[in-house]
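File shown: run_23.cif. Contents: mmCIF, C-alpha atoms and all ligand atoms.
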```
data_upload
#
loop_
_atom_site.label_atom_id
_atom_site.label_comp_id
_atom_site.auth_asym_id
_atom_site.auth_seq_id
_atom_site.Cartn_x
_atom_site.Cartn_y
_atom_site.Cartn_z
CA MET A 1 82.71 153.42 71.02
CA THR A 2 85.09 150.53 70.47
CA ALA A 3 88.25 150.06 72.51
CA PRO A 4 91.46 151.27 70.82
CA PHE A 5 93.02 147.80 71.22
CA ASP A 6 90.79 144.79 70.68
CA TYR A 7 90.95 141.18 69.55
CA LYS A 8 89.51 140.19 66.18
CA ASN A 9 89.82 136.48 65.41
CA ASN A 10 92.19 136.09 68.37
CA GLU A 11 94.55 138.73 66.94
CA LEU A 12 95.04 141.99 68.85
CA HIS A 13 94.39 145.02 66.66
CA CYS A 14 94.85 148.76 67.08
CA GLU A 15 91.65 150.05 65.46
CA GLY A 16 91.65 148.10 62.15
CA VAL A 17 95.35 147.19 62.04
CA PRO A 18 96.70 143.86 63.39
CA LEU A 19 99.64 144.56 65.72
CA ALA A 20 101.43 141.52 64.26
CA LYS A 21 101.39 143.22 60.85
CA ILE A 22 103.11 146.33 62.25
CA ALA A 23 105.65 144.13 64.08
CA ALA A 24 106.45 142.26 60.87
CA GLU A 25 106.89 145.46 58.87
CA VAL A 26 108.51 147.79 61.42
CA GLY A 27 110.21 145.38 63.84
CA THR A 28 109.95 145.38 67.64
CA PRO A 29 109.72 147.00 70.08
CA PHE A 30 107.48 149.91 69.02
CA TYR A 31 104.96 152.35 70.44
CA VAL A 32 101.57 152.40 68.74
CA TYR A 33 98.78 154.95 69.19
CA SER A 34 95.14 155.04 68.15
CA ARG A 35 94.12 158.34 66.63
CA ALA A 36 90.44 157.64 67.32
CA ASP A 37 91.20 157.18 71.02
CA LEU A 38 93.13 160.47 71.18
CA GLU A 39 90.07 162.14 69.69
CA ARG A 40 87.70 160.31 72.05
CA ALA A 41 89.75 161.33 75.10
CA TYR A 42 90.04 164.98 74.07
CA ASN A 43 86.38 165.30 73.16
CA SER A 44 85.14 163.68 76.37
CA PHE A 45 87.37 165.92 78.51
CA ASP A 46 86.19 168.97 76.58
CA ALA A 47 82.54 167.91 76.86
CA ALA A 48 82.91 167.45 80.63
CA LEU A 49 83.65 171.18 80.95
CA GLU A 50 80.89 172.30 78.60
CA GLY A 51 79.21 175.50 79.70
CA ILE A 52 82.27 176.72 81.62
CA PRO A 53 84.40 179.09 79.52
CA HIS A 54 87.57 176.98 79.37
CA ARG A 55 90.87 176.33 77.68
CA ILE A 56 92.54 172.92 77.53
CA CYS A 57 96.32 173.31 77.72
CA TYR A 58 97.61 169.80 76.98
CA ALA A 59 100.65 168.90 79.14
CA VAL A 60 103.19 168.31 76.38
CA LYS A 61 105.47 166.31 78.69
CA ALA A 62 103.01 163.40 78.62
CA ASN A 63 103.71 162.76 74.93
CA SER A 64 105.50 165.27 72.73
CA THR A 65 105.78 163.35 69.46
CA LEU A 66 104.94 165.86 66.72
CA ALA A 67 102.15 163.85 65.11
CA ILE A 68 100.44 163.36 68.49
CA LEU A 69 100.67 167.11 69.14
CA LYS A 70 99.18 167.73 65.70
CA VAL A 71 96.13 165.55 66.44
CA LEU A 72 95.50 167.56 69.61
CA ILE A 73 96.18 170.90 67.89
CA ASP A 74 93.59 170.01 65.25
CA LEU A 75 91.09 169.34 68.04
CA GLY A 76 91.68 172.85 69.41
CA ALA A 77 94.14 172.21 72.25
CA GLY A 78 96.53 174.71 73.76
CA ALA A 79 99.64 173.55 75.60
CA ASP A 80 101.23 173.44 79.02
CA ILE A 81 105.01 173.40 78.61
CA VAL A 82 107.84 173.08 81.11
CA SER A 83 110.84 173.88 78.91
CA TYR A 84 111.68 175.82 75.77
CA GLY A 85 112.22 172.46 74.06
CA GLU A 86 108.51 171.69 74.47
CA LEU A 87 107.58 175.08 72.98
CA PHE A 88 109.92 174.35 70.07
CA ARG A 89 108.10 171.04 69.45
CA TRP A 90 104.68 172.67 69.85
CA GLN A 91 105.48 175.30 67.23
CA LYS A 92 107.06 172.73 64.88
CA ALA A 93 103.79 170.78 65.05
CA GLY A 94 101.86 173.93 64.10
CA GLY A 95 100.66 174.88 67.61
CA ASP A 96 99.69 178.46 68.46
CA PRO A 97 102.12 180.00 71.00
CA ALA A 98 99.36 182.29 72.26
CA LYS A 99 97.60 179.18 73.64
CA VAL A 100 100.65 178.14 75.69
CA VAL A 101 101.15 178.32 79.45
CA PHE A 102 104.72 177.87 80.70
CA SER A 103 104.96 175.96 84.01
CA GLY A 104 108.00 174.79 85.95
CA VAL A 105 110.04 175.81 88.97
CA GLY A 106 113.28 176.58 87.15
CA LYS A 107 112.83 178.58 83.95
CA THR A 108 116.16 179.97 82.71
CA GLU A 109 116.74 183.49 81.35
CA GLN A 110 117.26 182.06 77.88
CA GLU A 111 113.98 180.10 78.04
CA ILE A 112 112.08 183.16 79.29
CA LYS A 113 113.48 185.31 76.47
CA LEU A 114 112.61 182.73 73.82
CA ALA A 115 109.10 182.29 75.23
CA LEU A 116 108.52 186.08 75.32
CA ALA A 117 109.79 186.37 71.74
CA ALA A 118 107.40 183.61 70.66
CA GLY A 119 104.49 185.44 72.34
CA ILE A 120 103.29 182.70 74.68
CA GLY A 121 99.99 183.14 76.50
CA CYS A 122 101.06 182.99 80.15
CA PHE A 123 103.91 182.20 82.54
CA ASN A 124 102.95 180.12 85.58
CA VAL A 125 105.32 181.69 88.11
CA GLU A 126 106.48 179.53 91.00
CA SER A 127 108.51 181.86 93.27
CA GLY A 128 109.04 185.51 94.25
CA GLU A 129 112.49 185.52 92.69
CA GLU A 130 111.13 184.17 89.42
CA LEU A 131 108.47 186.93 89.36
CA LEU A 132 111.13 189.65 89.69
CA GLU A 133 113.38 187.98 87.13
CA LEU A 134 110.50 187.73 84.66
CA ASP A 135 109.67 191.43 85.18
CA ARG A 136 113.33 192.39 84.63
CA ILE A 137 113.65 190.33 81.43
CA ALA A 138 110.29 191.48 80.04
CA LEU A 139 111.21 195.16 80.56
CA ALA A 140 114.65 194.58 79.02
CA VAL A 141 113.15 193.12 75.85
CA GLY A 142 110.21 195.53 75.77
CA LYS A 143 107.43 192.99 76.33
CA LEU A 144 104.65 192.53 78.85
CA ALA A 145 104.67 189.07 80.48
CA LYS A 146 101.25 187.68 81.33
CA VAL A 147 101.51 185.84 84.63
CA SER A 148 99.64 183.36 86.75
CA LEU A 149 100.91 182.60 90.28
CA ARG A 150 101.28 178.91 91.05
CA VAL A 151 99.90 178.30 94.49
CA ASN A 152 100.72 175.25 96.52
CA PRO A 153 97.37 174.63 98.21
CA ASP A 154 98.80 172.03 100.63
CA VAL A 155 96.35 169.34 99.53
CA ASP A 156 97.21 165.65 99.60
CA ALA A 157 96.55 164.25 96.12
CA GLY A 158 96.79 160.71 97.48
CA THR A 159 99.03 159.54 94.65
CA HIS A 160 102.60 158.18 94.33
CA PRO A 161 104.99 160.43 96.35
CA TYR A 162 107.17 161.13 93.27
CA ILE A 163 104.21 162.56 91.32
CA SER A 164 102.46 164.32 94.20
CA THR A 165 103.14 168.05 93.96
CA GLY A 166 100.63 170.00 96.06
CA LEU A 167 102.05 169.54 99.57
CA LYS A 168 104.12 172.06 101.55
CA THR A 169 107.02 169.63 101.49
CA ASN A 170 107.08 169.73 97.64
CA LYS A 171 109.22 172.20 95.68
CA PHE A 172 106.29 173.55 93.64
CA GLY A 173 104.46 176.88 93.83
CA VAL A 174 104.16 179.33 96.73
CA SER A 175 102.01 179.21 99.86
CA MET A 176 98.59 180.89 99.96
CA GLU A 177 100.01 183.66 102.19
CA GLU A 178 102.96 184.30 99.88
CA ALA A 179 100.63 184.28 96.86
CA ARG A 180 98.67 187.20 98.41
CA ASP A 181 101.90 189.19 98.84
CA LEU A 182 103.19 188.31 95.39
CA ALA A 183 99.88 189.29 93.78
CA ARG A 184 100.19 192.74 95.37
CA THR A 185 103.81 193.01 94.22
CA GLY A 186 102.99 191.66 90.75
CA ALA A 187 100.14 194.13 90.27
CA LYS A 188 102.69 196.97 90.57
CA LEU A 189 105.41 195.59 88.29
CA ARG A 190 105.51 197.23 84.86
CA GLY A 191 106.79 194.20 82.97
CA ILE A 192 104.06 191.96 84.39
CA GLU A 193 100.35 191.61 83.72
CA LEU A 194 98.92 189.59 86.58
CA ALA A 195 96.21 187.45 85.00
CA GLY A 196 95.59 184.39 87.12
CA VAL A 197 96.40 181.85 89.79
CA ASP A 198 97.08 178.18 89.24
CA PHE A 199 97.87 174.86 90.88
CA HIS A 200 98.85 171.35 89.92
CA ILE A 201 98.58 169.01 92.88
CA GLY A 202 99.80 165.77 91.35
CA SER A 203 99.33 163.16 88.70
CA GLN A 204 97.29 159.94 88.37
CA LEU A 205 94.66 161.15 90.88
CA THR A 206 91.97 158.57 91.49
CA LYS A 207 89.57 160.80 93.44
CA THR A 208 87.94 164.13 92.60
CA SER A 209 87.93 165.49 96.18
CA PRO A 210 91.55 166.81 96.15
CA PHE A 211 90.69 168.86 93.03
CA ALA A 212 87.59 170.27 94.74
CA ASP A 213 89.56 171.10 97.92
CA ALA A 214 92.32 172.86 95.99
CA ILE A 215 89.82 174.83 93.88
CA ALA A 216 87.97 175.94 97.04
CA ARG A 217 91.23 177.34 98.45
CA LEU A 218 92.01 179.26 95.28
CA VAL A 219 88.45 180.57 95.04
CA ALA A 220 88.91 182.13 98.49
CA LEU A 221 92.22 183.65 97.38
CA ILE A 222 90.71 185.09 94.20
CA GLN A 223 87.82 186.61 96.17
CA ASP A 224 90.26 188.18 98.66
CA LEU A 225 92.36 189.65 95.88
CA ALA A 226 89.24 191.05 94.21
CA LYS A 227 88.45 192.91 97.46
CA ASP A 228 91.94 194.44 97.22
CA GLY A 229 91.14 195.60 93.69
CA ILE A 230 93.23 192.87 92.00
CA LYS A 231 90.99 191.39 89.30
CA LEU A 232 92.15 188.14 87.75
CA THR A 233 90.96 186.77 84.42
CA HIS A 234 91.65 183.05 84.80
CA ILE A 235 92.12 180.16 87.20
CA ASP A 236 94.29 177.23 86.09
CA ILE A 237 93.65 173.93 87.88
CA GLY A 238 96.54 171.95 86.38
CA GLY A 239 96.27 168.36 85.21
CA GLY A 240 96.28 165.16 87.20
CA LEU A 241 93.17 163.16 86.38
CA GLY A 242 94.12 159.47 86.46
CA ILE A 243 93.49 156.67 83.97
CA ASP A 244 92.80 152.96 84.29
CA TYR A 245 96.03 150.94 84.46
CA GLY A 246 94.15 147.66 84.82
CA LYS A 247 94.67 147.30 88.57
CA GLY A 248 90.98 147.14 89.34
CA GLU A 249 90.88 150.68 90.73
CA VAL A 250 87.82 152.82 90.05
CA ILE A 251 88.95 156.00 88.30
CA PRO A 252 86.63 159.02 88.06
CA SER A 253 85.53 159.67 84.49
CA PRO A 254 86.11 163.07 82.90
CA ALA A 255 82.36 163.64 83.34
CA GLU A 256 82.59 163.04 87.11
CA TYR A 257 85.66 165.28 87.26
CA GLY A 258 83.68 167.93 85.36
CA VAL A 259 80.86 167.81 87.92
CA ALA A 260 83.29 168.23 90.85
CA VAL A 261 85.14 171.08 89.12
CA ARG A 262 81.91 172.86 88.18
CA GLU A 263 80.59 172.70 91.74
CA ALA A 264 83.81 173.95 93.31
CA LEU A 265 84.16 176.76 90.78
CA ALA A 266 80.57 177.98 91.05
CA PRO A 267 81.37 181.08 93.17
CA LEU A 268 83.78 182.28 90.46
CA LEU A 269 81.72 181.80 87.35
CA SER A 270 79.72 184.97 87.91
CA MET A 271 83.02 186.87 88.17
CA GLY A 272 83.69 186.05 84.50
CA LEU A 273 86.88 184.08 85.04
CA GLU A 274 88.05 181.61 82.41
CA LEU A 275 89.07 178.09 83.47
CA TYR A 276 92.40 176.70 82.23
CA THR A 277 93.28 173.02 82.62
CA GLU A 278 96.53 171.17 81.92
CA PRO A 279 95.60 167.50 81.34
CA GLY A 280 98.31 165.16 80.07
CA ARG A 281 97.82 161.50 80.91
CA VAL A 282 94.04 161.44 80.52
CA LEU A 283 94.32 162.66 76.90
CA VAL A 284 97.01 160.29 75.62
CA GLY A 285 97.52 157.45 78.11
CA ALA A 286 94.96 154.91 76.98
CA ALA A 287 95.59 155.56 73.28
CA GLY A 288 99.12 154.13 73.37
CA ALA A 289 100.80 150.75 73.86
CA LEU A 290 104.30 149.34 73.73
CA VAL A 291 104.59 146.14 71.70
CA THR A 292 107.54 143.88 72.43
CA ARG A 293 108.73 140.40 71.41
CA VAL A 294 109.62 137.53 73.74
CA LEU A 295 113.31 136.69 73.39
CA TYR A 296 113.71 133.92 75.96
CA ARG A 297 112.04 132.26 78.93
CA LYS A 298 113.75 130.79 81.94
CA ARG A 299 112.83 129.28 85.26
CA ASN A 300 114.77 128.79 88.47
CA GLU A 301 113.70 127.22 91.78
CA VAL A 302 111.63 130.26 92.73
CA LYS A 303 110.69 132.18 89.60
CA HIS A 304 109.69 132.15 85.98
CA PHE A 305 111.06 134.96 83.78
CA THR A 306 109.80 136.17 80.41
CA LEU A 307 112.60 138.14 78.72
CA VAL A 308 111.38 140.64 76.15
CA ASP A 309 113.16 142.95 73.72
CA ALA A 310 111.81 146.18 75.28
CA ALA A 311 113.41 147.48 78.46
CA MET A 312 113.20 150.09 81.20
CA ASN A 313 114.84 152.64 78.89
CA ASP A 314 111.80 152.35 76.56
CA LEU A 315 109.14 152.49 79.29
CA MET A 316 110.49 153.65 82.61
CA ARG A 317 107.31 153.80 84.70
CA PRO A 318 107.42 150.31 86.27
CA ALA A 319 111.11 150.71 87.24
CA LEU A 320 110.68 154.27 88.53
CA TYR A 321 107.31 154.15 90.27
CA GLY A 322 106.60 150.43 90.50
CA SER A 323 103.61 151.17 88.28
CA HIS A 324 101.30 148.54 86.89
CA HIS A 325 100.61 148.32 83.14
CA PRO A 326 98.11 145.90 81.63
CA MET A 327 99.63 143.14 79.44
CA LYS A 328 98.21 140.75 76.87
CA PRO A 329 99.60 138.37 74.29
CA VAL A 330 99.03 139.70 70.77
CA THR A 331 97.64 136.34 69.61
CA ASN A 332 95.49 133.66 71.27
CA PRO A 333 94.76 135.19 74.67
CA GLY A 334 92.69 132.27 75.93
CA ARG A 335 95.51 130.02 77.17
CA PRO A 336 96.36 128.76 80.65
CA GLU A 337 98.18 131.36 82.72
CA ILE A 338 101.41 131.21 84.67
CA ALA A 339 102.97 133.69 87.11
CA THR A 340 105.99 135.32 85.51
CA ASP A 341 108.33 138.30 85.82
CA VAL A 342 108.36 140.23 82.54
CA VAL A 343 111.84 141.70 82.25
CA GLY A 344 114.05 143.45 79.69
CA PRO A 345 117.66 143.00 78.55
CA ILE A 346 119.16 145.84 80.65
CA CYS A 347 121.76 144.98 83.27
CA GLU A 348 119.76 146.05 86.32
CA THR A 349 117.32 144.22 88.53
CA GLY A 350 115.09 147.31 88.24
CA ASP A 351 114.59 146.50 84.57
CA PHE A 352 111.17 144.90 84.84
CA PHE A 353 107.69 145.52 83.43
CA ALA A 354 105.84 143.24 85.84
CA ARG A 355 106.57 140.94 88.73
CA ASP A 356 104.68 137.71 89.41
CA ARG A 357 102.10 138.65 86.80
CA ASN A 358 99.60 136.01 85.74
CA LEU A 359 99.85 135.84 81.96
CA PRO A 360 99.09 133.24 79.31
CA GLU A 361 102.37 131.35 78.96
CA MET A 362 104.25 133.03 76.12
CA ALA A 363 106.40 131.19 73.59
CA GLN A 364 109.72 132.43 72.23
CA GLY A 365 109.16 134.93 69.42
CA GLU A 366 105.62 135.82 70.50
CA LEU A 367 104.44 139.43 70.76
CA LEU A 368 103.37 141.01 74.05
CA TRP A 369 101.17 144.12 74.33
CA ILE A 370 101.91 146.50 77.23
CA GLY A 371 98.97 148.87 77.48
CA ALA A 372 98.17 152.33 78.86
CA ALA A 373 101.61 153.47 77.69
CA GLY A 374 100.67 156.54 75.66
CA ALA A 375 101.52 158.95 78.48
CA TYR A 376 105.03 159.28 79.93
CA GLY A 377 106.24 156.32 77.84
CA SER A 378 108.11 157.67 74.85
CA THR A 379 108.85 161.04 76.50
CA MET A 380 110.72 159.39 79.38
CA ALA A 381 112.62 156.97 77.15
CA SER A 382 116.41 157.13 77.13
CA ASN A 383 119.36 155.58 75.32
CA TYR A 384 120.59 153.74 78.41
CA ASN A 385 122.72 150.73 77.46
CA THR A 386 123.15 152.48 74.06
CA ARG A 387 119.75 151.26 72.93
CA PRO A 388 118.18 153.22 70.05
CA ARG A 389 114.79 154.69 70.90
CA VAL A 390 111.93 152.73 69.41
CA PRO A 391 109.71 153.79 66.51
CA GLU A 392 106.26 155.26 67.03
CA ILE A 393 103.23 154.39 64.95
CA LEU A 394 99.93 156.22 64.59
CA VAL A 395 96.93 154.18 63.49
CA ARG A 396 93.90 155.64 61.77
CA GLY A 397 91.24 153.10 60.84
CA ASP A 398 92.92 150.33 58.85
CA LYS A 399 96.04 152.36 58.01
CA TYR A 400 99.14 153.15 59.98
CA THR A 401 101.96 155.69 59.70
CA VAL A 402 105.44 155.57 61.20
CA ILE A 403 105.41 158.96 62.91
CA LYS A 404 108.89 158.53 64.39
CA PRO A 405 111.39 156.07 62.92
CA ARG A 406 113.61 153.81 65.00
CA GLU A 407 116.79 155.68 65.95
CA THR A 408 119.89 154.55 64.08
CA TYR A 409 123.22 153.72 65.69
CA GLU A 410 124.77 156.63 63.79
CA GLN A 411 122.20 159.01 65.34
CA LEU A 412 123.20 157.73 68.77
CA ILE A 413 126.76 159.04 68.37
CA ALA A 414 126.00 162.10 66.23
CA GLY A 415 128.06 165.10 67.27
CA GLU A 416 130.38 163.17 69.57
CA ARG A 417 134.12 163.40 69.14
CA ILE A 418 136.99 161.34 70.46
CA SER A 419 139.40 164.25 70.90
N1 LIG B 1 100.66 170.52 84.75
C1 LIG B 1 101.83 170.47 85.42
C2 LIG B 1 102.37 171.72 85.96
C3 LIG B 1 102.50 169.26 85.60
O1 LIG B 1 103.63 169.23 86.28
C4 LIG B 1 101.94 168.07 85.07
C5 LIG B 1 102.61 166.79 85.24
C6 LIG B 1 100.73 168.16 84.34
C7 LIG B 1 100.12 169.40 84.20
C8 LIG B 1 100.07 166.97 83.70
O2 LIG B 1 99.64 166.03 84.63
P1 LIG B 1 98.77 164.77 84.16
O3 LIG B 1 97.43 165.28 83.69
O4 LIG B 1 99.49 164.06 83.09
O5 LIG B 1 98.66 163.95 85.40
N2 LIG B 1 106.16 160.78 84.87
C9 LIG B 1 105.04 160.57 85.76
C10 LIG B 1 104.09 161.72 85.73
C11 LIG B 1 104.73 163.04 86.11
C12 LIG B 1 103.78 164.20 86.00
C13 LIG B 1 104.49 165.49 86.12
N3 LIG B 1 103.66 166.65 85.96
C14 LIG B 1 104.36 159.25 85.38
O6 LIG B 1 104.82 158.55 84.48
O7 LIG B 1 103.36 158.87 86.01
#
```

Give the structure from the file, written as structure tokens.
Amino acid sequence: MTAPFDYKNNELHCEGVPLAKIAAEVGTPFYVYSRADLERAYNSFDAALEGIPHRICYAVKANSTLAILKVLIDLGAGADIVSYGELFRWQKAGGDPAKVVFSGVGKTEQEIKLALAAGIGCFNVESGEELLELDRIALAVGKLAKVSLRVNPDVDAGTHPYISTGLKTNKFGVSMEEARDLARTGAKLRGIELAGVDFHIGSQLTKTSPFADAIARLVALIQDLAKDGIKLTHIDIGGGLGIDYGKGEVIPSPAEYGVAVREALAPLLSMGLELYTEPGRVLVGAAGALVTRVLYRKRNEVKHFTLVDAAMNDLMRPALYGSHHPMKPVTNPGRPEIATDVVGPICETGDFFARDRNLPEMAQGELLWIGAAGAYGSTMASNYNTRPRVPEILVRGDKYTVIKPRETYEQLIAGERIS
């Protein structure tokens, strides 16, 4: 299997397409994705769970561009959504609503009604009040809402505090004790079909042990409920498996994750439960990159800066989490390196992609590749500083398609009025 981004004759390509060719034809900055890598990632995750009856509900928030959803739909994916907007996208891309789970701590009445009308597969309920509200709305519209209770297993995922979600101090899910009570309540509600329990303990996990610990806790809960006569049909273990951001960390492979999950789940498999997962980053992260052009360089007494035409509004992760993304020049990588801050044009010191990064010294006008940007890149982009969102390109072999055009200035002000 070849890497999605590789040099051929000192020119960085996505599959068979030189990135410089896309830059010349589409302009910079742009996001570019490898279709083959999306397929590789999905198939290896799927293969890791082989033998366990399972459903992969792709976390749409990681990348919700319609053409990316379509690739995953064609591979058989379901979806994990956190808003009606994501369901709208999923259906526009041709996704089956029956394969959708709806997560999130704050679903509105309007979102619940639209999701019930669409016939989604399951609501991942995060509080007692939400459970009652869902029952009330389902009865009012004459539907039965299939429900899974999101449990907060109080497990430390060991990841960045902003993307760690499985601790008691986080706003997500209900405690194990409350889940027992809610399951008993839920089993009696006429608008609710209690089908499962779920968790999502955090994102960019670099160990498998927190998954195994959280599964063990839910296995105990499911066994207890079974003794009370409450039979569940699935367990949903969320997303969270990390990817390689080029920091030298060792990330468990999907196969290693599969082994840990299989072991922890063993006591349940004889009970006939189906496994649901909600991977986001691991399916789309490595397939995507942001390509940007160097505008200017400057040096003062203490620092060297490389100013590029992409900014924090295009890829927010470094500014928000201090996250590391790999970087390479698009041509001639084998040059002497210098330490530089790679920064964008936005009027904030937080607008950086890297600080004191050793990179081949880049000339004005050169292209820079910022890798591992397929997940939480385009979906977190904004129009800050009235910057149009960048185009997105999908590569297949030696062909590419613009799957989302660059926003126009007119689109930026559409619908606004002065008085
Ligand atoms: N399921 C639920 C309920 C979630 O909240 C999330 C992500 C996922 C699944 C997918 O997790 P993944 O497999 O992608 O780790 N913006 C941050 C990541 C926030 C993740 C939020 N929840 C970032 O750029 O790192």

Report summary line: Counting all atoms listed in the file, the residue among A:Ala212, A:Ile201, A:Ile120, A:Val32 that lies closest to ligand LIG 1 (chain B) is A:Ile201

Per residue of chain A within 6 Å of ligand LIG 1 (chain B), note the shortest atom pair and the distance in Å to one decimal, counting only C-alpha atoms and all ligand atoms, and order the rows by chain and increasing residue number, as CSV.
```
residue,atom,partner,partner_atom,distance
A:Ala59,CA,B:LIG1,C8,5.0
A:Ala62,CA,B:LIG1,O4,5.7
A:Ser103,CA,B:LIG1,C2,5.3
A:Ile163,CA,B:LIG1,C11,5.3
A:His200,CA,B:LIG1,C2,5.3
A:Ser203,CA,B:LIG1,O5,3.5
A:Gln204,CA,B:LIG1,O5,5.2
A:Gly238,CA,B:LIG1,N1,4.7
A:Gly239,CA,B:LIG1,O3,3.6
A:Gly240,CA,B:LIG1,O5,3.2
A:Leu241,CA,B:LIG1,O3,5.5
A:Glu278,CA,B:LIG1,C7,4.6
A:Pro279,CA,B:LIG1,O3,3.7
A:Gly280,CA,B:LIG1,O4,3.4
A:Arg281,CA,B:LIG1,O4,3.8
A:Arg317,CA,B:LIG1,O6,5.4
A:Tyr376,CA,B:LIG1,O6,4.6
```

May I have the residues within 9 Å of Leu268 in chain A as an mmCIF file with C-alpha atoms, keeping the file's coordinate frame, using all atoms listed in the file and disregarding those fewer than 6 positions away in the same chain?
```
data_model
loop_
_atom_site.group_PDB
_atom_site.id
_atom_site.type_symbol
_atom_site.label_atom_id
_atom_site.label_comp_id
_atom_site.auth_asym_id
_atom_site.auth_seq_id
_atom_site.Cartn_x
_atom_site.Cartn_y
_atom_site.Cartn_z
ATOM 1 C CA VAL A 219 88.450 180.570 95.040
ATOM 2 C CA ILE A 222 90.710 185.090 94.200
ATOM 3 C CA GLN A 223 87.820 186.610 96.170
#
```

Query raised in the report: Which is closest to Gly397 in chain A among A:Arg150, A:His13, A:Arg417, A:Arg40, if we use only C-alpha atoms?
Result: A:His13

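Nearest to Lys404 in chain A of all the residues A:Ala375, A:Ala183, A:Val390, A:Val100 is A:Val390, based on only C-alpha atoms.
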
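Taking only C-alpha atoms into account, Ser382 in chain A lies nearest to A:Leu412 out of the set A:Leu205, A:Gly288, A:Leu412, A:Val197.
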
Query - Counting all atoms listed in the file, the option among A:Arg387, A:Arg217, A:Arg184, A:Lys99 closest to Val155 in chain A - result: A:Arg217

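Of the residues listed (A:Leu182, A:Lys143, A:Arg357, A:His325), A:Leu182 shows the shortest atom-to-atom separation from Glu130 in chain A; distances use all atoms listed in the file.
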
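Distance-wise, CA of Ala23 in chain A and CA of His324 in chain A end up 23.6 Å apart.
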